[in-house]
>>> print(open('query-v7.pdb').read())   # PDB, C-alpha atoms
ATOM      1  CA  MET F  14      89.200  98.557 102.501
ATOM      2  CA  ASN F  15      90.914  99.474 105.768
ATOM      3  CA  MET F  16      93.946  97.300 105.038
ATOM      4  CA  SER F  17      95.339  99.343 102.155
ATOM      5  CA  VAL F  18      94.504 102.135  99.776
ATOM      6  CA  CYS F  19      91.408 102.193  97.618
ATOM      7  CA  PRO F  20      91.033 100.287  94.380
ATOM      8  CA  ALA F  21      91.723 102.381  91.290
ATOM      9  CA  THR F  22      87.995 102.496  90.566
ATOM     10  CA  HIS F  23      87.127 104.151  93.915
ATOM     11  CA  LYS F  24      86.417 107.889  93.663
ATOM     12  CA  ALA F  25      89.104 108.573  96.327
ATOM     13  CA  SER F  26      91.828 106.740  94.407
ATOM     14  CA  PHE F  27      94.771 109.030  93.622
ATOM     15  CA  ARG F  28      95.954 106.641  90.919
ATOM     16  CA  GLY F  29      92.490 106.743  89.346
ATOM     17  CA  TYR F  30      92.555 110.535  89.563
ATOM     18  CA  LEU F  31      95.975 110.697  87.881
ATOM     19  CA  ARG F  32      95.031 108.143  85.235
ATOM     20  CA  GLN F  33      91.920 110.112  84.288
ATOM     21  CA  ARG F  34      93.349 113.632  84.486
ATOM     22  CA  VAL F  35      96.955 113.132  83.404
ATOM     23  CA  VAL F  36      97.865 109.793  81.835
ATOM     24  CA  GLU F  37      94.867 109.488  79.506
ATOM     25  CA  ARG F  38      95.389 113.074  78.320
ATOM     26  CA  LEU F  39      99.061 112.569  77.504
ATOM     27  CA  PRO F  40      99.246 109.775  74.910
ATOM     28  CA  ALA F  41     102.923 110.536  74.249
ATOM     29  CA  LEU F  42     103.822 109.933  77.904
ATOM     30  CA  ALA F  43     106.626 107.379  77.801
ATOM     31  CA  GLU F  44     105.763 105.716  81.084
ATOM     32  CA  PHE F  45     103.722 106.287  84.206
ATOM     33  CA  VAL F  46     104.305 103.844  87.054
ATOM     34  CA  MET F  47     101.149 103.322  89.088
ATOM     35  CA  VAL F  48     101.019 102.212  92.710
ATOM     36  CA  GLY F  49      98.875  99.113  93.159
ATOM     37  CA  GLY F  50      97.919  99.837  96.741
ATOM     38  CA  ASP F  51      95.098  97.340  96.647
ATOM     39  CA  ALA F  52      97.375  94.480  95.544
ATOM     40  CA  GLU F  53      96.770  91.159  97.273
ATOM     41  CA  ASP F  54     100.501  90.959  98.013
ATOM     42  CA  LEU F  55     101.136  94.466  99.324
ATOM     43  CA  ARG F  56     104.703  93.655 100.382
ATOM     44  CA  GLY F  57     105.370  92.357  96.880
ATOM     45  CA  GLU F  58     103.901  95.532  95.351
ATOM     46  CA  ILE F  59     106.061  97.743  97.559
ATOM     47  CA  GLY F  60     109.070  95.577  96.648
ATOM     48  CA  ARG F  61     108.258  96.039  92.944
ATOM     49  CA  LEU F  62     108.032  99.800  93.363
ATOM     50  CA  ASN F  63     111.178 100.026  95.468
ATOM     51  CA  ASP F  64     113.136  97.875  92.989
ATOM     52  CA  ARG F  65     111.874 100.049  90.150
ATOM     53  CA  LEU F  66     112.960 103.290  91.806
ATOM     54  CA  GLY F  67     116.321 101.753  92.614
ATOM     55  CA  ARG F  68     117.251 101.968  88.940
ATOM     56  CA  ASP F  69     115.398 105.103  87.865
ATOM     57  CA  THR F  70     114.927 108.716  88.834
ATOM     58  CA  VAL F  71     111.501 110.238  89.297
ATOM     59  CA  ASP F  72     111.257 113.121  86.858
ATOM     60  CA  VAL F  73     108.000 114.571  88.182
ATOM     61  CA  CYS F  74     106.313 113.758  91.459
ATOM     62  CA  PHE F  75     102.692 114.810  91.865
ATOM     63  CA  ALA F  76     101.907 114.887  95.562
ATOM     64  CA  GLY F  77      99.362 116.252  97.951
ATOM     65  CA  VAL F  78      99.433 118.386 101.063
ATOM     66  CA  GLY F  79      96.796 117.599 103.640
ATOM     67  CA  GLU F  80      94.993 119.778 106.135
ATOM     68  CA  ASN F  81      97.424 118.416 108.756
ATOM     69  CA  CYS F  82     100.350 119.410 106.470
ATOM     70  CA  HIS F  83     101.006 115.815 105.458
ATOM     71  CA  LEU F  84     103.052 115.266 102.343
ATOM     72  CA  ALA F  85     101.826 112.374 100.205
ATOM     73  CA  PHE F  86     100.082 110.819 103.236
ATOM     74  CA  ASN F  87     103.184 111.041 105.424
ATOM     75  CA  ASP F  88     101.230 112.346 108.414
ATOM     76  CA  PRO F  89     102.863 114.266 111.251
ATOM     77  CA  PRO F  90     105.192 113.558 112.809
ATOM     78  CA  ALA F  91     106.688 112.298 109.559
ATOM     79  CA  ASP F  92     109.851 110.269 109.445
ATOM     80  CA  PHE F  93     112.332 112.242 107.351
ATOM     81  CA  THR F  94     114.943 109.440 107.594
ATOM     82  CA  ILE F  95     113.236 106.397 106.015
ATOM     83  CA  GLU F  96     115.269 105.336 102.981
ATOM     84  CA  ASP F  97     112.686 102.981 101.438
ATOM     85  CA  PRO F  98     111.149 104.679  98.419
ATOM     86  CA  TYR F  99     107.623 103.383  99.116
ATOM     87  CA  ILE F 100     106.211 102.610 102.529
ATOM     88  CA  VAL F 101     102.939 101.732 104.185
ATOM     89  CA  VAL F 102     101.861 104.623 106.383
ATOM     90  CA  ALA F 103      99.217 104.814 109.083
ATOM     91  CA  LEU F 104      96.708 107.574 108.406
ATOM     92  CA  ASP F 105      96.093 109.708 111.472
ATOM     93  CA  GLU F 106      92.615 110.747 112.532
ATOM     94  CA  ALA F 107      92.947 114.259 111.076
ATOM     95  CA  CYS F 108      93.867 112.851 107.675
ATOM     96  CA  ARG F 109      91.040 110.321 107.775
ATOM     97  CA  ARG F 110      88.555 113.018 108.833
ATOM     98  CA  GLN F 111      89.724 115.172 105.903
ATOM     99  CA  GLN F 112      89.005 112.294 103.510
ATOM    100  CA  LEU F 113      85.534 111.935 105.009
ATOM    101  CA  GLY F 114      84.912 115.706 104.985
ATOM    102  CA  GLU F 115      85.827 115.919 101.309
ATOM    103  CA  GLY F 116      83.081 113.418 100.566
ATOM    104  CA  TRP F 117      85.302 110.573  99.414
ATOM    105  CA  PHE F 118      83.765 108.086 101.852
ATOM    106  CA  GLU F 119      80.294 107.400 103.225
ATOM    107  CA  ASN F 120      81.399 107.260 106.869
ATOM    108  CA  PHE F 121      84.529 107.421 109.003
ATOM    109  CA  ASP F 122      84.814 103.637 109.323
ATOM    110  CA  ALA F 123      85.031 103.344 105.531
ATOM    111  CA  VAL F 124      88.137 105.574 105.369
ATOM    112  CA  PRO F 125      91.294 103.442 105.087
ATOM    113  CA  GLN F 126      93.559 103.346 108.112
ATOM    114  CA  ARG F 127      96.676 102.813 106.015
ATOM    115  CA  ALA F 128      97.984 103.855 102.640
ATOM    116  CA  VAL F 129     100.945 103.221 100.392
ATOM    117  CA  SER F 130     102.974 106.389 100.083
ATOM    118  CA  MET F 131     106.259 107.524  98.675
ATOM    119  CA  GLY F 132     108.528 108.244 101.614
ATOM    120  CA  ILE F 133     109.725 111.776 102.311
ATOM    121  CA  ARG F 134     113.358 111.119 101.304
ATOM    122  CA  GLN F 135     112.266 109.549  98.008
ATOM    123  CA  THR F 136     109.879 112.413  97.305
ATOM    124  CA  MET F 137     112.742 114.841  97.814
ATOM    125  CA  LYS F 138     114.875 112.928  95.276
ATOM    126  CA  SER F 139     112.369 113.724  92.511
ATOM    127  CA  ARG F 140     113.647 116.192  89.939
ATOM    128  CA  LYS F 141     110.433 118.207  90.109
ATOM    129  CA  ILE F 142     107.601 118.152  92.641
ATOM    130  CA  ILE F 143     104.199 119.554  91.724
ATOM    131  CA  LEU F 144     101.503 120.081  94.316
ATOM    132  CA  SER F 145      98.004 121.423  93.865
ATOM    133  CA  VAL F 146      96.657 122.617  97.202
ATOM    134  CA  PRO F 147      93.189 124.185  97.004
ATOM    135  CA  ASP F 148      90.701 125.328  99.642
ATOM    136  CA  VAL F 149      90.716 127.462 102.751
ATOM    137  CA  ARG F 150      90.806 124.292 104.868
ATOM    138  CA  LYS F 151      94.432 123.893 103.786
ATOM    139  CA  ALA F 152      95.505 127.508 104.342
ATOM    140  CA  GLU F 153      97.158 126.789 107.701
ATOM    141  CA  ALA F 154      99.022 123.809 106.233
ATOM    142  CA  VAL F 155     100.195 125.941 103.291
ATOM    143  CA  ARG F 156     101.484 128.585 105.702
ATOM    144  CA  HIS F 157     103.440 125.968 107.667
ATOM    145  CA  ALA F 158     104.724 124.311 104.489
ATOM    146  CA  ALA F 159     105.858 127.521 102.804
ATOM    147  CA  GLN F 160     106.840 129.813 105.664
ATOM    148  CA  GLY F 161     107.258 127.792 108.840
ATOM    149  CA  PRO F 162     110.331 125.980 110.066
ATOM    150  CA  VAL F 163     111.148 122.638 108.464
ATOM    151  CA  SER F 164     109.801 120.085 110.903
ATOM    152  CA  PRO F 165     108.429 116.524 110.961
ATOM    153  CA  GLU F 166     105.402 118.085 112.692
ATOM    154  CA  PHE F 167     104.684 119.831 109.365
ATOM    155  CA  PRO F 168     105.876 117.253 106.819
ATOM    156  CA  ALA F 169     105.285 119.392 103.714
ATOM    157  CA  SER F 170     107.677 121.994 105.150
ATOM    158  CA  ILE F 171     110.536 119.804 103.863
ATOM    159  CA  LEU F 172     109.656 121.084 100.387
ATOM    160  CA  GLN F 173     111.408 124.344 101.294
ATOM    161  CA  GLN F 174     114.641 122.374 100.811
ATOM    162  CA  HIS F 175     113.798 121.140  97.302
ATOM    163  CA  ALA F 176     115.285 122.961  94.302
ATOM    164  CA  ASP F 177     112.194 122.593  92.096
ATOM    165  CA  ALA F 178     108.971 122.211  94.056
ATOM    166  CA  THR F 179     105.907 124.113  92.906
ATOM    167  CA  LEU F 180     102.810 124.771  94.996
ATOM    168  CA  HIS F 181      99.730 125.593  92.947
ATOM    169  CA  LEU F 182      97.355 127.461  95.255
ATOM    170  CA  ASP F 183      94.023 129.161  94.968
ATOM    171  CA  LEU F 184      93.295 132.425  96.784
ATOM    172  CA  ALA F 185      91.706 130.567  99.686
ATOM    173  CA  SER F 186      94.619 128.205 100.368
ATOM    174  CA  ALA F 187      97.089 131.100 100.012
ATOM    175  CA  SER F 188      95.067 133.357 102.322
ATOM    176  CA  LEU F 189      97.396 133.029 105.358
ATOM    177  CA  LEU F 190     100.649 133.646 103.514
ATOM    178  CA  GLY F 191     102.347 136.841 104.542
TER     179      GLY F 191
END
>>> encode(input="query-v7.pdb", output="structure tokens")
Amino acid sequence: MNMSVCPATHKASFRGYLRQRVVERLPALAEFVMVGGDAEDLRGEIGRLNDRLGRDTVDVCFAGVGENCHLAFNDPPADFTIEDPYIVVALDEACRRQQLGEGWFENFDAVPQRAVSMGIRQTMKSRKIILSVPDVRKAEAVRHAAQGPVSPEFPASILQQHADATLHLDLASASLLG
């Protein structure tokens, strides 16, 4: 499992999460393009995704903010200049420890070292970005993302430059906002 993201059936799979909590509940949804991060031909899968986004616009991007302020697994320091819509990213130790701490994996060695992620520039091209960022463990990241300077050291801070990005926070994750 360390070569790419989890299969859709794994409890840590974001595509499985979205399928169960969004796609299956919206039968009128015209289309939802899933990322096959566990594809045998990962380069081919990224090519498929990149070709697809070359002719379409992302209406809504659902993304995550990590404890290290990553945006969609673009760990710090994130590359704000990559033009490719989808990329393979290396997960840093903080990100991998978060995945373990959240109970997604049995041990640290089981946490993938890489993931397929939408690049920062592509994320910012989305018409709307929706993020749900719960828990006190993410309060510092939320503060950096919402109120700190825009910096590759705090990748989610780039969202300050998006016209329609929404952070959904609980009281704990919003606790350090001033």
>>> atom_distance(input="query-v7.pdb", atom1="CA of Asn87 in chain F", atom2="CA of Val35 in chain F")
23.0 Å
>>> atom_distance(input="query-v7.pdb", atom1="CA of Leu184 in chain F", atom2="CA of Gly161 in chain F")
19.0 Å
>>> closest_residue(input="query-v7.pdb", among="F:Ala176, F:Ala169, F:Val46, F:Ala41", to="Val71 in chain F", atoms="all atoms listed in the file")
F:Val46
>>> closest_residue(input="query-v7.pdb", among="F:Val155, F:Ala185, F:Val146, F:Ile59", to="Gly77 in chain F", atoms="all atoms listed in the file")
F:Val146
>>> atom_distance(input="query-v7.pdb", atom1="CA of Lys151 in chain F", atom2="CA of Gly49 in chain F")
27.3 Å
>>> residues_around(input="query-v7.pdb", residues="His175 in chain F", least_positions_apart="5", cutoff="9 Å", atoms="only C-alpha atoms", output="JSON, numbers by chain")
{"F": [137, 138, 139, 140, 141, 142]}
>>> write_last_selection(input="query-v7.pdb", atoms="C-alpha atoms", output="JSON list (two decimals), in the frame of the given file")
[["chain", "number", "residue", "atom", "x", "y", "z"],
["F", 137, "MET", "CA", 112.74, 114.84, 97.81],
["F", 138, "LYS", "CA", 114.88, 112.93, 95.28],
["F", 139, "SER", "CA", 112.37, 113.72, 92.51],
["F", 140, "ARG", "CA", 113.65, 116.19, 89.94],
["F", 141, "LYS", "CA", 110.43, 118.21, 90.11],
["F", 142, "ILE", "CA", 107.60, 118.15, 92.64]]
>>> resolve_selection(input="query-v7.pdb", expression="the PyMOL selection byres ((chain F and resi 95-109) around 9)", output="ChimeraX atom specification")
/F:17,55,59-60,62-64,66-67,79-81,83,86-89,92-94,110-114,121,124-136
>>> residues_near_point(input="query-v7.pdb", point="(101.0, 106.2, 90.4)", cutoff="10 Å", atoms="only C-alpha atoms", output="PyMOL selection string")
chain F and resi 27-32+36+45-50+62+74-75+130-131
>>> closest_residue(input="query-v7.pdb", among="F:Ala123, F:Ser170, F:Ile143, F:Val149", to="Asp72 in chain F", atoms="all atoms listed in the file")
F:Ile143
>>> closest_residue(input="query-v7.pdb", among="F:Ala178, F:Leu42, F:Ile171, F:Ala25", to="Glu119 in chain F", atoms="all atoms listed in the file")
F:Ala25
>>> axis_aligned_box(input="query-v7.pdb", around="range 53-57 of chain F", padding_each_side="6 Å", output="JSON")
{"center_x": 101.1, "center_y": 92.7, "center_z": 98.6, "size_x": 20.6, "size_y": 15.5, "size_z": 15.5}
>>> closest_residue(input="query-v7.pdb", among="F:Thr70, F:Thr22, F:Ser188, F:Gln33", to="Ala152 in chain F", atoms="all atoms listed in the file")
F:Ser188
>>> resolve_selection(input="query-v7.pdb", expression="the PyMOL selection byres ((chain F and resi 182) around 7)", output="PDB file with C-alpha atoms, in the coordinates of the input")
ATOM      1  CA  SER F 145      98.004 121.423  93.865  1.00  0.00           C
ATOM      2  CA  VAL F 146      96.657 122.617  97.202  1.00  0.00           C
ATOM      3  CA  PRO F 147      93.189 124.185  97.004  1.00  0.00           C
ATOM      4  CA  LEU F 180     102.810 124.771  94.996  1.00  0.00           C
ATOM      5  CA  HIS F 181      99.730 125.593  92.947  1.00  0.00           C
ATOM      6  CA  ASP F 183      94.023 129.161  94.968  1.00  0.00           C
ATOM      7  CA  LEU F 184      93.295 132.425  96.784  1.00  0.00           C
ATOM      8  CA  SER F 186      94.619 128.205 100.368  1.00  0.00           C
ATOM      9  CA  ALA F 187      97.089 131.100 100.012  1.00  0.00           C
TER      10      ALA F 187
END
>>> closest_residue(input="query-v7.pdb", among="F:Val73, F:His23, F:Leu84, F:Glu58", to="Ser164 in chain F", atoms="all atoms listed in the file")
F:Leu84
>>> decode(input="query-v7.pdb", residues="range 123-137 of chain F", atoms="all heavy atoms", output="mmCIF file, in the first residue's frame")
data_model
loop_
_atom_site.group_PDB
_atom_site.id
_atom_site.type_symbol
_atom_site.label_atom_id
_atom_site.label_comp_id
_atom_site.auth_asym_id
_atom_site.auth_seq_id
_atom_site.Cartn_x
_atom_site.Cartn_y
_atom_site.Cartn_z
ATOM 1 N N ALA F 123 2.142 1.039 7.810
ATOM 2 C CA ALA F 123 1.006 0.797 6.916
ATOM 3 C C ALA F 123 0.496 2.077 6.253
ATOM 4 O O ALA F 123 -0.248 2.010 5.280
ATOM 5 C CB ALA F 123 -0.138 0.131 7.693
ATOM 6 N N VAL F 124 0.894 3.232 6.739
ATOM 7 C CA VAL F 124 0.446 4.509 6.170
ATOM 8 C C VAL F 124 1.184 4.744 4.850
ATOM 9 O O VAL F 124 2.420 4.665 4.803
ATOM 10 C CB VAL F 124 0.712 5.687 7.128
ATOM 11 C CG1 VAL F 124 0.233 7.004 6.518
ATOM 12 C CG2 VAL F 124 0.068 5.449 8.482
ATOM 13 N N PRO F 125 0.463 5.014 3.773
ATOM 14 C CA PRO F 125 1.128 5.244 2.484
ATOM 15 C C PRO F 125 2.145 6.376 2.570
ATOM 16 O O PRO F 125 1.990 7.335 3.334
ATOM 17 C CB PRO F 125 -0.020 5.629 1.552
ATOM 18 C CG PRO F 125 -1.223 5.008 2.165
ATOM 19 C CD PRO F 125 -0.994 5.085 3.650
ATOM 20 N N GLN F 126 3.187 6.236 1.768
ATOM 21 C CA GLN F 126 4.227 7.258 1.695
ATOM 22 C C GLN F 126 3.941 8.270 0.596
ATOM 23 O O GLN F 126 4.531 9.338 0.577
ATOM 24 C CB GLN F 126 5.590 6.605 1.456
ATOM 25 C CG GLN F 126 6.014 5.721 2.602
ATOM 26 C CD GLN F 126 7.289 4.963 2.292
ATOM 27 O OE1 GLN F 126 7.977 5.218 1.309
ATOM 28 N NE2 GLN F 126 7.615 4.024 3.152
ATOM 29 N N ARG F 127 3.045 7.900 -0.311
ATOM 30 C CA ARG F 127 2.692 8.780 -1.425
ATOM 31 C C ARG F 127 1.184 8.784 -1.601
ATOM 32 O O ARG F 127 0.492 7.881 -1.149
ATOM 33 C CB ARG F 127 3.326 8.294 -2.731
ATOM 34 C CG ARG F 127 4.813 8.220 -2.700
ATOM 35 C CD ARG F 127 5.431 7.823 -4.020
ATOM 36 N NE ARG F 127 4.758 6.723 -4.662
ATOM 37 C CZ ARG F 127 4.866 6.447 -5.962
ATOM 38 N NH1 ARG F 127 5.604 7.187 -6.733
ATOM 39 N NH2 ARG F 127 4.232 5.426 -6.495
ATOM 40 N N ALA F 128 0.722 9.807 -2.293
ATOM 41 C CA ALA F 128 -0.705 9.899 -2.605
ATOM 42 C C ALA F 128 -0.867 10.636 -3.926
ATOM 43 O O ALA F 128 0.017 11.376 -4.349
ATOM 44 C CB ALA F 128 -1.446 10.655 -1.503
ATOM 45 N N VAL F 129 -1.996 10.427 -4.561
ATOM 46 C CA VAL F 129 -2.366 11.215 -5.724
ATOM 47 C C VAL F 129 -3.163 12.395 -5.197
ATOM 48 O O VAL F 129 -4.084 12.230 -4.400
ATOM 49 C CB VAL F 129 -3.226 10.403 -6.717
ATOM 50 C CG1 VAL F 129 -3.714 11.289 -7.855
ATOM 51 C CG2 VAL F 129 -2.436 9.214 -7.251
ATOM 52 N N SER F 130 -2.773 13.581 -5.621
ATOM 53 C CA SER F 130 -3.453 14.783 -5.143
ATOM 54 C C SER F 130 -3.641 15.761 -6.288
ATOM 55 O O SER F 130 -2.850 15.801 -7.224
ATOM 56 C CB SER F 130 -2.619 15.450 -4.045
ATOM 57 O OG SER F 130 -3.275 16.599 -3.554
ATOM 58 N N MET F 131 -4.688 16.555 -6.173
ATOM 59 C CA MET F 131 -4.837 17.676 -7.087
ATOM 60 C C MET F 131 -3.770 18.695 -6.684
ATOM 61 O O MET F 131 -3.575 18.965 -5.501
ATOM 62 C CB MET F 131 -6.234 18.285 -6.957
ATOM 63 C CG MET F 131 -6.521 19.366 -7.975
ATOM 64 S SD MET F 131 -8.192 20.056 -7.815
ATOM 65 C CE MET F 131 -9.142 18.804 -8.658
ATOM 66 N N GLY F 132 -3.074 19.223 -7.651
ATOM 67 C CA GLY F 132 -2.070 20.240 -7.366
ATOM 68 C C GLY F 132 -2.708 21.537 -6.874
ATOM 69 O O GLY F 132 -3.901 21.788 -7.080
ATOM 70 N N ILE F 133 -1.908 22.352 -6.246
ATOM 71 C CA ILE F 133 -2.394 23.623 -5.680
ATOM 72 C C ILE F 133 -2.998 24.520 -6.763
ATOM 73 O O ILE F 133 -4.091 25.059 -6.593
ATOM 74 C CB ILE F 133 -1.255 24.365 -4.947
ATOM 75 C CG1 ILE F 133 -0.742 23.541 -3.757
ATOM 76 C CG2 ILE F 133 -1.699 25.762 -4.533
ATOM 77 C CD1 ILE F 133 -1.638 23.512 -2.557
ATOM 78 N N ARG F 134 -2.301 24.703 -7.878
ATOM 79 C CA ARG F 134 -2.812 25.596 -8.933
ATOM 80 C C ARG F 134 -4.148 25.103 -9.469
ATOM 81 O O ARG F 134 -5.054 25.894 -9.723
ATOM 82 C CB ARG F 134 -1.796 25.754 -10.053
ATOM 83 C CG ARG F 134 -0.583 26.572 -9.618
ATOM 84 C CD ARG F 134 0.387 26.750 -10.760
ATOM 85 N NE ARG F 134 -0.101 27.730 -11.702
ATOM 86 C CZ ARG F 134 0.309 28.989 -11.753
ATOM 87 N NH1 ARG F 134 1.215 29.417 -10.924
ATOM 88 N NH2 ARG F 134 -0.187 29.809 -12.647
ATOM 89 N N GLN F 135 -4.278 23.774 -9.643
ATOM 90 C CA GLN F 135 -5.546 23.229 -10.135
ATOM 91 C C GLN F 135 -6.644 23.415 -9.096
ATOM 92 O O GLN F 135 -7.771 23.756 -9.438
ATOM 93 C CB GLN F 135 -5.402 21.749 -10.501
ATOM 94 C CG GLN F 135 -6.671 21.160 -11.065
ATOM 95 C CD GLN F 135 -7.074 21.805 -12.388
ATOM 96 O OE1 GLN F 135 -6.242 22.005 -13.267
ATOM 97 N NE2 GLN F 135 -8.339 22.141 -12.535
ATOM 98 N N THR F 136 -6.328 23.181 -7.854
ATOM 99 C CA THR F 136 -7.315 23.390 -6.784
ATOM 100 C C THR F 136 -7.841 24.817 -6.833
ATOM 101 O O THR F 136 -9.049 25.054 -6.754
ATOM 102 C CB THR F 136 -6.701 23.085 -5.407
ATOM 103 O OG1 THR F 136 -6.261 21.714 -5.380
ATOM 104 C CG2 THR F 136 -7.682 23.331 -4.285
ATOM 105 N N MET F 137 -6.933 25.765 -7.012
ATOM 106 C CA MET F 137 -7.324 27.169 -7.040
ATOM 107 C C MET F 137 -8.144 27.541 -8.269
ATOM 108 O O MET F 137 -8.826 28.560 -8.266
ATOM 109 C CB MET F 137 -6.077 28.053 -6.946
ATOM 110 C CG MET F 137 -5.362 27.952 -5.603
ATOM 111 S SD MET F 137 -6.377 28.522 -4.229
ATOM 112 C CE MET F 137 -6.290 30.296 -4.509
#
